[in-house]
Protein chains: 2
Amino acid sequence: MSIALIYPQRDVSDWVAALQAQEPELDIELWPEIRCPERVEFVLCWNQPAGLLQQFPNLRGISSFGAGVNHLLNDKSCPVNIPLARVVDPDLKQSMAEYVMLGVLVHFRRLADYRRQQELGEWLVQKVPHLSTIRVGIMGYGEIGRYVAHKLTDFGFKVHGWRRNRQHRDKLTVYTGEDELGEFLKRTEILVCLLPLTVDTENILNLQTFRQLPQHAYLINAARGAHLVEADLLAALKSGQLCGALLDVFRDEPLPGHHPFWKHAKITITPHIASVTNPESAAVQIVENYHRALRGEPLHNRVDRGRGY
Amino acid sequence: MSIALIYPQRDVSDWVAALQAQEPELDIELWPEIRCPERVEFVLCWNQPAGLLQQFPNLRGISSFGAGVNHLLNDKSCPVNIPLARVVDPDLKQSMAEYVMLGVLVHFRRLADYRRQQELGEWLVQKVPHLSTIRVGIMGYGEIGRYVAHKLTDFGFKVHGWRRNRQHRDKLTVYTGEDELGEFLKRTEILVCLLPLTVDTENILNLQTFRQLPQHAYLINAARGAHLVEADLLAALKSGQLCGALLDVFRDEPLPGHHPFWKHAKITITPHIASVTNPESAAVQIVENYHRALRGEPLHNRVDRGRGY
């Protein structure tokens, strides 16, 4: 029996080292050099090629390399009777909090303006509104969203959240469902999307959504590219409805060379690095899930295929 | 009696509004249109022209517009028998914490690299070390330094401080004096200078200091330009001792157009905006100090001219 790692276009030697640090005898196969598909009982994967998951007749469990699983849910070759897990780890939450804090501060403290001024050799103080007037709205208030929201709040920002269903009490205001989306948006100067990608949330970052934000709002999308209607972002930036955007995720990744986002003065692009799973901190739960799968026990952080995450 | 506002090349209407909100009858004079120098009993100033403070025969108190006072201590025309105050307010500390957090995150999460890649249309993930391996060292661990340090710590960074004299206990490690500077520096991947400018701290950011940091350390100077030996920074960037710097303060401000910092690929320049005194939150203590000066009472946040801050 073995565990196969499938991660196109990425050197996974850090993952191999982290997994072997947990369990030195672990038999690890690295796609595309999989010697013996029959022995593969657990797969750890990201953006796996279509059809590949059908090639393991004795598969008993699948884990995403990260928190996102839409590469598995959208893969028609992913066997529906095999349990799926995702990685939920503190480093992932922390990594996302760093990214969102970075995006909020770069926008709030006008770093892009200062960079442009530096290129021109221009010394000019940009007026910054008082911190208390900046309200950050987090769409997607699950494990990660809540962590990010509380980190921003602890730092001094005003933050509120939006999620699909009402959940346990939170010290921050959390709007829920379609009914309260408008209330959420109209109080949001900086909109941060951390939603899971589901049929309900796909294309949720559209012109109708943007129009409900205050004028000159800022967008940070660190969830999935398919949340965003790209043409609507360009329109909202052109009209001034949005003043800028920080995008970490795209419909096509890597973002194609000819894409208009690359050269847009109001868009900052990062290559899907917001929430980086740390192999060392994720290896424990992956090895644990590997053994759970072999024993036929429920996986930790199991994905509900109906809910979509 | 009146209070005079002296702030060359800045529109101070926000300050006037904030002071009048505190006390509508306040008689405010705005330099350079001071109608009656004899009536000026309190001055609020920043980078005042040499000699100007001698023109107010009935002066009873002086306040800086911000936390820094070297523009007053270095001004030979500043009357030595008049009490000096500086502004110590939560917004100032918060503003500095935002700036330092921004600088630390931009460096740590490689935003400058991603911006360069975006210009080239290049999609490439930069490896980021684990957060726990990044140690931030704050030079100048007073009111502001301690606040910044604790904000960074709360967020997840490892932080330690350095200050001149031992003070009350702190939950973080605080090195003190010349003797412990080496210990402080060798543990510092990101060096943040928040020192007051005194004869002891002038030029403290020099090659000898940089050489005691780990290789490829990063510098953030948000204190005063005279802390930095500019040629030494250029040498340390060239040798790779430092990998980059974020500078908010300069020996000459505005930074002259021909200065080599402007075009340096490893230097990010901001125009002295790190810690922005908020007029609304500072006005209370300034009006209070104005009345204290008139009554001959000790000023709040009084500057010790011997100590230098």
# chains A, B, ... in the order shown; residues from 1 in each chain; ligands from 1
call {"tool": "calpha_fit_and_write", "arguments": {"fixed": "chain A", "moving": "chain B", "output": "short mmCIF file (atom, residue, chain, number, x, y, z; two decimals) with C-alpha atoms, in the first residue's frame"}}
result
data_model
loop_
_atom_site.label_atom_id
_atom_site.label_comp_id
_atom_site.auth_asym_id
_atom_site.auth_seq_id
_atom_site.Cartn_x
_atom_site.Cartn_y
_atom_site.Cartn_z
CA MET B 1 0.04 0.05 0.00
CA SER B 2 1.14 3.55 -0.80
CA ILE B 3 0.19 7.21 -0.78
CA ALA B 4 0.40 9.11 -4.09
CA LEU B 5 1.22 12.83 -4.35
CA ILE B 6 -0.26 14.55 -7.41
CA TYR B 7 0.60 18.22 -7.83
CA PRO B 8 1.31 19.26 -11.44
CA GLN B 9 4.10 21.81 -11.96
CA ARG B 10 5.28 21.88 -8.37
CA ASP B 11 8.31 20.39 -6.68
CA VAL B 12 6.80 18.45 -3.76
CA SER B 13 10.07 17.44 -2.10
CA ASP B 14 9.13 19.53 0.94
CA TRP B 15 5.92 17.51 1.26
CA VAL B 16 7.76 14.23 0.95
CA ALA B 17 10.18 15.29 3.67
CA ALA B 18 7.37 16.44 5.97
CA LEU B 19 5.38 13.21 5.52
CA GLN B 20 8.44 11.06 6.05
CA ALA B 21 9.30 13.05 9.15
CA GLN B 22 5.94 11.91 10.50
CA GLU B 23 6.37 8.32 9.38
CA PRO B 24 9.70 7.27 7.91
CA GLU B 25 8.36 4.00 6.44
CA LEU B 26 5.58 5.68 4.48
CA ASP B 27 5.56 4.39 0.90
CA ILE B 28 5.21 7.54 -1.22
CA GLU B 29 4.59 7.59 -4.97
CA LEU B 30 5.13 10.81 -6.92
CA TRP B 31 2.97 11.45 -9.96
CA PRO B 32 3.69 11.23 -12.89
CA GLU B 33 6.18 8.46 -11.97
CA ILE B 34 3.73 6.13 -10.26
CA ARG B 35 5.24 2.67 -10.37
CA CYS B 36 2.32 0.68 -9.11
CA PRO B 37 -1.20 2.24 -9.29
CA GLU B 38 -2.72 -0.87 -7.72
CA ARG B 39 -0.86 -0.25 -4.48
CA VAL B 40 -2.07 3.37 -4.14
CA GLU B 41 -4.66 3.52 -1.37
CA PHE B 42 -4.55 7.22 -0.54
CA VAL B 43 -4.07 10.23 -2.77
CA LEU B 44 -2.98 13.74 -1.85
CA CYS B 45 -3.73 15.99 -4.79
CA TRP B 46 -4.07 19.48 -6.28
CA ASN B 47 -5.31 20.28 -9.79
CA GLN B 48 -4.94 16.63 -10.80
CA PRO B 49 -5.26 15.84 -14.52
CA ALA B 50 -8.76 14.76 -15.62
CA GLY B 51 -9.29 11.03 -15.44
CA LEU B 52 -6.26 10.35 -13.29
CA LEU B 53 -8.15 9.41 -10.12
CA GLN B 54 -9.83 6.54 -12.01
CA GLN B 55 -6.47 4.82 -12.34
CA PHE B 56 -6.23 3.70 -8.74
CA PRO B 57 -8.47 0.65 -8.28
CA ASN B 58 -7.78 0.31 -4.55
CA LEU B 59 -8.20 3.93 -3.50
CA ARG B 60 -9.65 4.38 0.02
CA GLY B 61 -9.22 8.07 0.70
CA ILE B 62 -8.38 11.39 -0.99
CA SER B 63 -7.08 14.58 0.52
CA SER B 64 -6.65 18.00 -0.99
CA PHE B 65 -3.24 19.62 -0.48
CA GLY B 66 -5.08 22.65 0.88
CA ALA B 67 -8.37 23.96 2.18
CA GLY B 68 -9.97 24.15 -1.26
CA VAL B 69 -11.56 21.05 -2.78
CA ASN B 70 -13.29 22.27 -5.92
CA HIS B 71 -10.56 20.63 -8.00
CA LEU B 72 -11.91 17.38 -6.56
CA LEU B 73 -15.64 18.13 -6.61
CA ASN B 74 -15.45 19.34 -10.21
CA ASP B 75 -13.45 16.32 -11.33
CA LYS B 76 -15.90 13.87 -12.88
CA SER B 77 -13.27 11.16 -12.60
CA CYS B 78 -13.13 11.53 -8.82
CA PRO B 79 -14.78 8.40 -7.42
CA VAL B 80 -17.93 9.46 -5.52
CA ASN B 81 -17.74 6.65 -2.98
CA ILE B 82 -14.27 7.57 -1.70
CA PRO B 83 -14.14 9.92 1.31
CA LEU B 84 -12.57 13.32 0.69
CA ALA B 85 -10.69 15.44 3.20
CA ARG B 86 -9.21 18.91 3.13
CA VAL B 87 -6.40 20.41 5.14
CA VAL B 88 -7.46 22.60 8.03
CA ASP B 89 -4.43 23.82 9.87
CA PRO B 90 -3.45 26.87 11.86
CA ASP B 91 -0.70 27.80 9.43
CA LEU B 92 -3.21 27.95 6.61
CA LYS B 93 -5.39 30.33 8.58
CA GLN B 94 -2.37 32.36 9.62
CA SER B 95 -1.07 32.52 6.06
CA MET B 96 -4.45 33.82 4.89
CA ALA B 97 -4.59 36.35 7.73
CA GLU B 98 -1.16 37.65 6.66
CA TYR B 99 -2.29 38.00 3.07
CA VAL B 100 -5.52 39.80 3.91
CA MET B 101 -3.80 42.06 6.45
CA LEU B 102 -1.18 42.84 3.81
CA GLY B 103 -3.84 43.67 1.23
CA VAL B 104 -5.87 45.79 3.63
CA LEU B 105 -2.81 47.75 4.81
CA VAL B 106 -1.36 48.26 1.32
CA HIS B 107 -4.70 49.71 0.25
CA PHE B 108 -5.42 51.68 3.41
CA ARG B 109 -1.93 53.19 3.71
CA ARG B 110 -1.70 53.90 -0.04
CA LEU B 111 1.44 51.91 -0.75
CA ALA B 112 0.68 51.61 -4.48
CA ASP B 113 0.46 55.42 -4.72
CA TYR B 114 3.78 55.78 -2.94
CA ARG B 115 5.38 53.28 -5.30
CA ARG B 116 4.16 55.23 -8.30
CA GLN B 117 5.42 58.44 -6.70
CA GLN B 118 8.81 56.83 -6.04
CA GLU B 119 9.11 55.97 -9.73
CA LEU B 120 8.48 59.64 -10.49
CA GLY B 121 10.68 60.93 -7.66
CA GLU B 122 7.63 62.63 -6.18
CA TRP B 123 7.28 63.45 -2.47
CA LEU B 124 3.60 63.84 -1.67
CA VAL B 125 1.64 62.84 1.44
CA GLN B 126 -1.58 61.00 0.65
CA LYS B 127 -4.41 61.69 3.05
CA VAL B 128 -5.56 58.57 4.84
CA PRO B 129 -8.97 58.31 6.46
CA HIS B 130 -9.15 57.46 10.13
CA LEU B 131 -8.86 53.73 10.77
CA SER B 132 -12.25 53.71 12.45
CA THR B 133 -13.98 54.67 9.19
CA ILE B 134 -12.69 51.64 7.29
CA ARG B 135 -14.95 48.62 7.52
CA VAL B 136 -13.71 45.29 6.26
CA GLY B 137 -16.32 42.76 5.19
CA ILE B 138 -15.33 39.09 5.06
CA MET B 139 -17.45 36.95 2.73
CA GLY B 140 -17.10 33.36 3.85
CA TYR B 141 -17.01 33.20 7.57
CA GLY B 142 -15.92 29.64 8.27
CA GLU B 143 -12.73 28.38 9.94
CA ILE B 144 -10.45 30.65 7.94
CA GLY B 145 -12.76 33.66 7.62
CA ARG B 146 -13.37 33.86 11.35
CA TYR B 147 -9.65 33.62 12.10
CA VAL B 148 -8.82 36.37 9.59
CA ALA B 149 -11.64 38.57 10.88
CA HIS B 150 -10.49 38.29 14.47
CA LYS B 151 -6.86 39.02 13.54
CA LEU B 152 -7.93 42.18 11.73
CA THR B 153 -10.18 43.20 14.60
CA ASP B 154 -7.43 42.64 17.15
CA PHE B 155 -5.22 44.90 15.09
CA GLY B 156 -7.79 47.70 15.11
CA PHE B 157 -9.94 47.35 11.99
CA LYS B 158 -13.74 47.23 12.06
CA VAL B 159 -14.73 43.89 10.60
CA HIS B 160 -17.97 42.06 9.92
CA GLY B 161 -18.71 38.80 8.18
CA TRP B 162 -21.19 37.16 5.85
CA ARG B 163 -21.88 33.44 5.56
CA ARG B 164 -24.55 31.17 4.16
CA ASN B 165 -26.06 29.86 7.37
CA ARG B 166 -26.37 31.21 10.85
CA GLN B 167 -23.91 29.54 13.19
CA HIS B 168 -22.83 29.86 16.79
CA ARG B 169 -22.45 33.31 18.27
CA ASP B 170 -19.47 35.43 17.42
CA LYS B 171 -18.19 38.64 18.93
CA LEU B 172 -18.34 40.24 15.48
CA THR B 173 -21.49 40.93 13.46
CA VAL B 174 -22.07 38.11 11.00
CA TYR B 175 -24.72 38.59 8.32
CA THR B 176 -26.23 35.47 6.80
CA GLY B 177 -27.86 34.33 3.58
CA GLU B 178 -29.14 36.15 0.52
CA ASP B 179 -31.47 38.29 2.63
CA GLU B 180 -28.69 39.99 4.53
CA LEU B 181 -26.13 40.27 1.73
CA GLY B 182 -27.22 43.82 0.89
CA GLU B 183 -26.85 44.96 4.50
CA PHE B 184 -23.41 43.37 4.62
CA LEU B 185 -22.25 44.97 1.37
CA LYS B 186 -23.40 48.50 2.07
CA ARG B 187 -21.24 48.58 5.20
CA THR B 188 -18.13 47.26 3.44
CA GLU B 189 -15.32 49.56 2.27
CA ILE B 190 -12.96 46.60 1.78
CA LEU B 191 -14.56 43.39 0.53
CA VAL B 192 -12.60 40.21 1.18
CA CYS B 193 -13.77 37.01 -0.51
CA LEU B 194 -12.83 33.82 1.33
CA LEU B 195 -15.87 31.78 0.28
CA PRO B 196 -15.75 28.14 -0.70
CA LEU B 197 -16.57 27.70 -4.37
CA THR B 198 -20.03 26.15 -4.76
CA VAL B 199 -22.86 26.50 -7.27
CA ASP B 200 -24.29 29.19 -4.98
CA THR B 201 -21.11 31.22 -4.69
CA GLU B 202 -19.79 30.96 -8.25
CA ASN B 203 -19.87 34.41 -9.94
CA ILE B 204 -20.93 36.07 -6.67
CA LEU B 205 -18.40 38.87 -7.25
CA ASN B 206 -20.41 40.54 -10.00
CA LEU B 207 -21.61 44.01 -10.91
CA GLN B 208 -24.81 43.69 -8.88
CA THR B 209 -22.71 42.86 -5.81
CA PHE B 210 -20.20 45.65 -6.47
CA ARG B 211 -23.02 48.21 -6.89
CA GLN B 212 -24.19 47.55 -3.33
CA LEU B 213 -20.78 48.48 -1.91
CA PRO B 214 -19.98 52.09 -1.00
CA GLN B 215 -18.45 54.03 -3.91
CA HIS B 216 -14.66 53.40 -4.34
CA ALA B 217 -14.65 50.16 -2.38
CA TYR B 218 -11.68 47.81 -2.62
CA LEU B 219 -11.80 44.10 -3.47
CA ILE B 220 -9.56 41.31 -2.23
CA ASN B 221 -10.25 37.89 -3.74
CA ALA B 222 -8.27 35.12 -2.10
CA ALA B 223 -10.85 32.38 -2.56
CA ARG B 224 -11.29 31.05 -6.10
CA GLY B 225 -11.14 32.64 -9.53
CA ALA B 226 -14.65 31.44 -10.43
CA HIS B 227 -16.15 33.63 -7.71
CA LEU B 228 -15.34 36.64 -9.88
CA VAL B 229 -17.02 37.76 -13.08
CA GLU B 230 -13.93 39.21 -14.66
CA ALA B 231 -15.68 41.58 -17.10
CA ASP B 232 -17.71 42.97 -14.18
CA LEU B 233 -14.56 43.75 -12.22
CA LEU B 234 -13.15 45.65 -15.20
CA ALA B 235 -16.41 47.60 -15.54
CA ALA B 236 -16.56 48.41 -11.83
CA LEU B 237 -12.95 49.65 -11.87
CA LYS B 238 -13.68 51.77 -14.93
CA SER B 239 -16.77 53.39 -13.40
CA GLY B 240 -15.02 54.02 -10.07
CA GLN B 241 -17.46 51.77 -8.19
CA LEU B 242 -14.32 49.90 -7.15
CA CYS B 243 -11.04 51.77 -6.68
CA GLY B 244 -8.83 48.70 -6.94
CA ALA B 245 -8.44 44.98 -6.43
CA LEU B 246 -5.94 42.51 -5.08
CA LEU B 247 -6.41 39.13 -6.76
CA ASP B 248 -4.72 35.90 -5.78
CA VAL B 249 -6.92 33.50 -7.75
CA PHE B 250 -8.08 33.32 -11.34
CA ARG B 251 -10.34 31.26 -13.57
CA ASP B 252 -7.30 30.06 -15.45
CA GLU B 253 -4.13 29.51 -13.48
CA PRO B 254 -1.43 30.41 -14.28
CA LEU B 255 -3.14 33.59 -15.48
CA PRO B 256 -2.69 33.58 -19.29
CA GLY B 257 -0.10 36.00 -20.65
CA HIS B 258 -2.57 38.03 -22.73
CA HIS B 259 -5.04 38.56 -19.86
CA PRO B 260 -6.03 42.23 -19.31
CA PHE B 261 -5.55 41.92 -15.52
CA TRP B 262 -1.76 41.78 -15.88
CA LYS B 263 -1.39 45.36 -17.11
CA HIS B 264 -4.30 46.93 -15.24
CA ALA B 265 -3.07 49.81 -13.06
CA LYS B 266 -5.70 49.17 -10.38
CA ILE B 267 -5.21 45.41 -10.11
CA THR B 268 -2.50 43.73 -8.09
CA ILE B 269 -1.83 40.11 -8.96
CA THR B 270 -0.30 37.41 -6.81
CA PRO B 271 0.10 33.83 -8.09
CA HIS B 272 -2.25 31.92 -5.74
CA ILE B 273 -0.03 32.30 -2.70
CA ALA B 274 -2.42 33.79 -0.15
CA SER B 275 -2.97 30.72 1.90
CA VAL B 276 -0.02 28.45 1.64
CA THR B 277 -0.35 25.09 3.28
CA ASN B 278 2.73 24.41 5.33
CA PRO B 279 3.83 20.81 4.74
CA GLU B 280 5.26 20.44 8.22
CA SER B 281 2.10 21.45 10.02
CA ALA B 282 -0.24 19.65 7.59
CA ALA B 283 1.66 16.34 7.52
CA VAL B 284 0.32 15.18 10.89
CA GLN B 285 -3.34 15.25 9.83
CA ILE B 286 -2.59 13.78 6.41
CA VAL B 287 -0.74 10.79 7.85
CA GLU B 288 -3.54 10.39 10.41
CA ASN B 289 -6.16 10.46 7.62
CA TYR B 290 -4.14 7.98 5.60
CA HIS B 291 -4.35 5.47 8.47
CA ARG B 292 -8.01 6.30 9.08
CA ALA B 293 -8.76 5.58 5.42
CA LEU B 294 -6.94 2.26 5.59
CA ARG B 295 -8.91 1.31 8.71
CA GLY B 296 -12.20 2.49 7.15
CA GLU B 297 -12.67 5.18 9.82
CA PRO B 298 -14.16 8.63 9.12
CA LEU B 299 -11.56 11.13 7.94
CA HIS B 300 -10.74 14.29 9.86
CA ASN B 301 -11.88 17.48 8.07
CA ARG B 302 -14.05 15.40 5.79
CA VAL B 303 -15.65 17.20 2.87
CA ASP B 304 -19.45 17.18 2.56
CA ARG B 305 -19.92 16.75 -1.20
CA GLY B 306 -23.50 18.07 -1.03
CA ARG B 307 -22.51 21.25 0.78
CA GLY B 308 -19.46 21.64 -1.42
CA TYR B 309 -16.75 22.00 1.23
#
call {"tool": "select_by_dssp", "arguments": {"residues": "segment 29-254 of chain A", "states": "strand (DSSP E or B)", "output": "PyMOL selection string"}}
result
chain A and resi 29-30+33+40-45+61-64+84-85+135-139+158-163+174-176+190-193+205+217-221+228+242-247
call {"tool": "select_by_dssp", "arguments": {"residues": "segment 71-285 of chain A", "states": "helix (DSSP H, G or I)", "output": "ChimeraX atom specification"}}
result
/A:71-73,90-108,111-120,131-133,143-155,178-186,207-211,225-227,230-239,279-285
call {"tool": "write_last_selection", "arguments": {"atoms": "C-alpha atoms", "output": "PDB file, in the first residue's frame"}}
result
ATOM      1  CA  HIS A  71     -10.490  20.629  -8.053  1.00  0.00           C
ATOM      2  CA  LEU A  72     -11.855  17.373  -6.603  1.00  0.00           C
ATOM      3  CA  LEU A  73     -15.584  18.143  -6.667  1.00  0.00           C
ATOM      4  CA  PRO A  90      -3.499  26.870  11.879  1.00  0.00           C
ATOM      5  CA  ASP A  91      -0.719  27.815   9.473  1.00  0.00           C
ATOM      6  CA  LEU A  92      -3.213  27.972   6.645  1.00  0.00           C
ATOM      7  CA  LYS A  93      -5.402  30.358   8.627  1.00  0.00           C
ATOM      8  CA  GLN A  94      -2.394  32.389   9.664  1.00  0.00           C
ATOM      9  CA  SER A  95      -1.093  32.542   6.108  1.00  0.00           C
ATOM     10  CA  MET A  96      -4.466  33.847   4.946  1.00  0.00           C
ATOM     11  CA  ALA A  97      -4.598  36.378   7.780  1.00  0.00           C
ATOM     12  CA  GLU A  98      -1.185  37.676   6.707  1.00  0.00           C
ATOM     13  CA  TYR A  99      -2.305  38.015   3.115  1.00  0.00           C
ATOM     14  CA  VAL A 100      -5.541  39.822   3.944  1.00  0.00           C
ATOM     15  CA  MET A 101      -3.823  42.089   6.478  1.00  0.00           C
ATOM     16  CA  LEU A 102      -1.204  42.865   3.840  1.00  0.00           C
ATOM     17  CA  GLY A 103      -3.865  43.684   1.255  1.00  0.00           C
ATOM     18  CA  VAL A 104      -5.883  45.827   3.645  1.00  0.00           C
ATOM     19  CA  LEU A 105      -2.824  47.778   4.819  1.00  0.00           C
ATOM     20  CA  VAL A 106      -1.374  48.266   1.322  1.00  0.00           C
ATOM     21  CA  HIS A 107      -4.719  49.723   0.254  1.00  0.00           C
ATOM     22  CA  PHE A 108      -5.432  51.700   3.416  1.00  0.00           C
ATOM     23  CA  LEU A 111       1.426  51.925  -0.761  1.00  0.00           C
ATOM     24  CA  ALA A 112       0.658  51.606  -4.482  1.00  0.00           C
ATOM     25  CA  ASP A 113       0.433  55.400  -4.732  1.00  0.00           C
ATOM     26  CA  TYR A 114       3.758  55.779  -2.957  1.00  0.00           C
ATOM     27  CA  ARG A 115       5.360  53.259  -5.301  1.00  0.00           C
ATOM     28  CA  ARG A 116       4.148  55.196  -8.309  1.00  0.00           C
ATOM     29  CA  GLN A 117       5.412  58.400  -6.727  1.00  0.00           C
ATOM     30  CA  GLN A 118       8.800  56.807  -6.083  1.00  0.00           C
ATOM     31  CA  GLU A 119       9.107  55.930  -9.759  1.00  0.00           C
ATOM     32  CA  LEU A 120       8.459  59.593 -10.536  1.00  0.00           C
ATOM     33  CA  LEU A 131      -8.903  53.787  10.756  1.00  0.00           C
ATOM     34  CA  SER A 132     -12.284  53.766  12.429  1.00  0.00           C
ATOM     35  CA  THR A 133     -13.998  54.725   9.166  1.00  0.00           C
ATOM     36  CA  GLU A 143     -12.750  28.422   9.974  1.00  0.00           C
ATOM     37  CA  ILE A 144     -10.479  30.685   7.990  1.00  0.00           C
ATOM     38  CA  GLY A 145     -12.778  33.691   7.646  1.00  0.00           C
ATOM     39  CA  ARG A 146     -13.387  33.894  11.368  1.00  0.00           C
ATOM     40  CA  TYR A 147      -9.675  33.656  12.133  1.00  0.00           C
ATOM     41  CA  VAL A 148      -8.843  36.400   9.611  1.00  0.00           C
ATOM     42  CA  ALA A 149     -11.668  38.609  10.905  1.00  0.00           C
ATOM     43  CA  HIS A 150     -10.507  38.347  14.492  1.00  0.00           C
ATOM     44  CA  LYS A 151      -6.876  39.061  13.572  1.00  0.00           C
ATOM     45  CA  LEU A 152      -7.953  42.216  11.741  1.00  0.00           C
ATOM     46  CA  THR A 153     -10.201  43.250  14.614  1.00  0.00           C
ATOM     47  CA  ASP A 154      -7.444  42.704  17.172  1.00  0.00           C
ATOM     48  CA  PHE A 155      -5.244  44.962  15.095  1.00  0.00           C
ATOM     49  CA  GLU A 178     -29.161  36.201   0.572  1.00  0.00           C
ATOM     50  CA  ASP A 179     -31.481  38.350   2.681  1.00  0.00           C
ATOM     51  CA  GLU A 180     -28.697  40.052   4.555  1.00  0.00           C
ATOM     52  CA  LEU A 181     -26.152  40.316   1.752  1.00  0.00           C
ATOM     53  CA  GLY A 182     -27.227  43.865   0.899  1.00  0.00           C
ATOM     54  CA  GLU A 183     -26.867  45.023   4.506  1.00  0.00           C
ATOM     55  CA  PHE A 184     -23.422  43.424   4.628  1.00  0.00           C
ATOM     56  CA  LEU A 185     -22.267  45.019   1.386  1.00  0.00           C
ATOM     57  CA  LYS A 186     -23.420  48.550   2.067  1.00  0.00           C
ATOM     58  CA  LEU A 207     -21.613  44.011 -10.893  1.00  0.00           C
ATOM     59  CA  GLN A 208     -24.802  43.687  -8.871  1.00  0.00           C
ATOM     60  CA  THR A 209     -22.714  42.873  -5.801  1.00  0.00           C
ATOM     61  CA  PHE A 210     -20.219  45.664  -6.465  1.00  0.00           C
ATOM     62  CA  ARG A 211     -23.025  48.220  -6.890  1.00  0.00           C
ATOM     63  CA  GLY A 225     -11.168  32.615  -9.479  1.00  0.00           C
ATOM     64  CA  ALA A 226     -14.662  31.431 -10.368  1.00  0.00           C
ATOM     65  CA  HIS A 227     -16.161  33.644  -7.664  1.00  0.00           C
ATOM     66  CA  GLU A 230     -13.946  39.206 -14.630  1.00  0.00           C
ATOM     67  CA  ALA A 231     -15.682  41.559 -17.049  1.00  0.00           C
ATOM     68  CA  ASP A 232     -17.727  42.966 -14.154  1.00  0.00           C
ATOM     69  CA  LEU A 233     -14.569  43.745 -12.207  1.00  0.00           C
ATOM     70  CA  LEU A 234     -13.150  45.632 -15.182  1.00  0.00           C
ATOM     71  CA  ALA A 235     -16.410  47.572 -15.530  1.00  0.00           C
ATOM     72  CA  ALA A 236     -16.560  48.397 -11.821  1.00  0.00           C
ATOM     73  CA  LEU A 237     -12.954  49.630 -11.864  1.00  0.00           C
ATOM     74  CA  LYS A 238     -13.671  51.740 -14.926  1.00  0.00           C
ATOM     75  CA  SER A 239     -16.754  53.364 -13.411  1.00  0.00           C
ATOM     76  CA  PRO A 279       3.842  20.800   4.714  1.00  0.00           C
ATOM     77  CA  GLU A 280       5.254  20.422   8.197  1.00  0.00           C
ATOM     78  CA  SER A 281       2.105  21.454   9.986  1.00  0.00           C
ATOM     79  CA  ALA A 282      -0.225  19.627   7.551  1.00  0.00           C
ATOM     80  CA  ALA A 283       1.672  16.318   7.490  1.00  0.00           C
ATOM     81  CA  VAL A 284       0.315  15.162  10.858  1.00  0.00           C
ATOM     82  CA  GLN A 285      -3.333  15.238   9.793  1.00  0.00           C
TER      83      GLN A 285
END
